[in-house]
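Undergrad: This structure is in structure tokens; I'll ask about it shortly.
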Amino acid sequence: MSNLLTHKDQLTKDSMFHLAKVTAHESVHFIGSRSLPVWAEEGLAEYYAIKSLKFTDLNYHSSPIKTWGKAANGFQHLGNVGLVEAGKKVTLDKDMQYYPLFYVKAPAFWQAVDEQLQANHSSLDALVPLLKTGNDFELPDEFINQVVDIIGHDNWQQITLAYL
């Protein structure tokens with residue numbers, strides 16, 4: 001069930017995008033059997049939901065990196081908080097004001113990782129199986145080590161400084 005805006009009893013293009021994105025997002029959760037930090041799990045589902053719409057006529061929204069670039073200033077003090085710290089605030093402190101970062105900043109992180117992997121003849125798709133489990137806040141070492149082997153330490157550091 002989803003609440004959607006209509007115009008003259010018709011779904012708007014934004015409503016259709018939202019419905020398709022939410023459906024794809026929840027499908028990623030359903031088909032995945034990972035036990036990742038909440039920021040990583042939500043961000044991954046959101047990234048793949050947006051990516052899946054790239055091949056439809058609903059592909060008119062900005063990429064996650066562009067969306068985060070525009071939204072970061074609007075998050076005020078939250079914009080400078082890394083995803084790992086946000087995950088700790090939500091999980092340990094039950095401070096839900098950080099949760100929206102998982103839907104905006106985390107997909108940008110996954111896109112940045114995927115773009116670097118693709119630039120090095122790999123992809124996030126190929127490495128998702130390494131995301132079987134993590135601890136409460138960090139990604140699995142096996143995944144990180146494989147990413148670093150492919151994209152290099154400097155590129156990984158650049159991404160982690162920007163997002164994590």
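To be explicit about the labels: the chains of the structure tokens are called A, B, and onward in the order shown, and within each one the residues are counted from 1, while ligands get numbers from 1 in the order they are shown.
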Do a neighbour search on stretch 113-127 of chain A at 9 Å with only C-alpha atoms, toss out local chain neighbours closer than 4 positions, and write the hits as a PyMOL selection string.

TA: chain A and resi 108-109+131+143+146-147+150-151+155-156+159

Undergrad: Find the nearest atom pair between each residue of stretch 13-43 of chain A and stretch 77-93 of chain A for residues within 10 Å, count only C-alpha atoms, give distances in Å to one decimal, sort rows by chain and ascending number, and present the table as a Markdown table.

TA:
| residue | atom | partner | partner_atom | distance |
| --- | --- | --- | --- | --- |
| A:Pro37 | CA | A:Gly87 | CA | 7.1 |
| A:Val38 | CA | A:Gly87 | CA | 6.5 |
| A:Trp39 | CA | A:Gly87 | CA | 5.7 |
| A:Ala40 | CA | A:Leu83 | CA | 8.3 |
| A:Gly43 | CA | A:Leu83 | CA | 9.8 |

Undergrad: From the list A:Ser35, A:Glu41, A:Leu53, A:Ser63, which residue is nearest A:Leu19 when using only C-alpha atoms?

TA: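 Smallest separation from A:Leu19 among the options: A:Leu53.
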
Undergrad: Residues of stretch 44-103 of chain A that approach stretch 14-18 of chain A to 9 Å or less, counting only C-alpha atoms: could you list each one with the shortest pair of atoms and its distance in Å to one decimal, rows by chain and increasing residue number, as JSON lines?

TA:
{"residue": "A:Leu53", "atom": "CA", "partner": "A:Phe17", "partner_atom": "CA", "distance": 8.2}
{"residue": "A:Leu58", "atom": "CA", "partner": "A:Phe17", "partner_atom": "CA", "distance": 5.7}
{"residue": "A:Asn59", "atom": "CA", "partner": "A:Phe17", "partner_atom": "CA", "distance": 8.2}
{"residue": "A:Tyr60", "atom": "CA", "partner": "A:Phe17", "partner_atom": "CA", "distance": 8.9}
{"residue": "A:His61", "atom": "CA", "partner": "A:Phe17", "partner_atom": "CA", "distance": 8.7}

Undergrad: Would you mind writing down, as a VMD selection string, each residue of stretch 39-119 of chain A that DSSP on the backbone assigns to helix (DSSP H, G or I)?

TA: chain A and resid 39 to 53 64 to 80 83 to 93 96 to 98 101 to 119

Undergrad: By how many Å are atom CA of A:Phe102 and atom CA of A:Glu42 apart?

TA: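 So the two atoms, atom CA of A:Phe102 and atom CA of A:Glu42, lie 5.8 Å apart.
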
Undergrad: Apply DSSP to the structure's backbone, then extract all residues of chain A labelled strand (DSSP E or B) and return them as a PyMOL selection string.

TA: chain A and resi 6-7+10-11+35+133

Undergrad: I need the residues from that last selection saved to file as a short mmCIF file (atom, residue, chain, number, x, y, z; two decimals), in the first residue's frame (with C-alpha atoms), if you can.

TA:
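Done, and the output landed in again-v6.cif:
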data_model
loop_
_atom_site.label_atom_id
_atom_site.label_comp_id
_atom_site.auth_asym_id
_atom_site.auth_seq_id
_atom_site.Cartn_x
_atom_site.Cartn_y
_atom_site.Cartn_z
CA THR A 6 -2.71 12.35 -8.18
CA HIS A 7 -3.73 15.10 -10.53
CA GLN A 10 -4.37 10.31 -12.50
CA LEU A 11 -0.97 9.42 -11.11
CA SER A 35 23.08 -8.70 7.35
CA THR A 133 27.44 -9.86 6.47
#

Undergrad: Tell me, in Å to one decimal, how far atom CA of A:Lys105 is from atom CA of A:Tyr48.

TA: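 So the two atoms, atom CA of A:Lys105 and atom CA of A:Tyr48, lie 13.8 Å apart.
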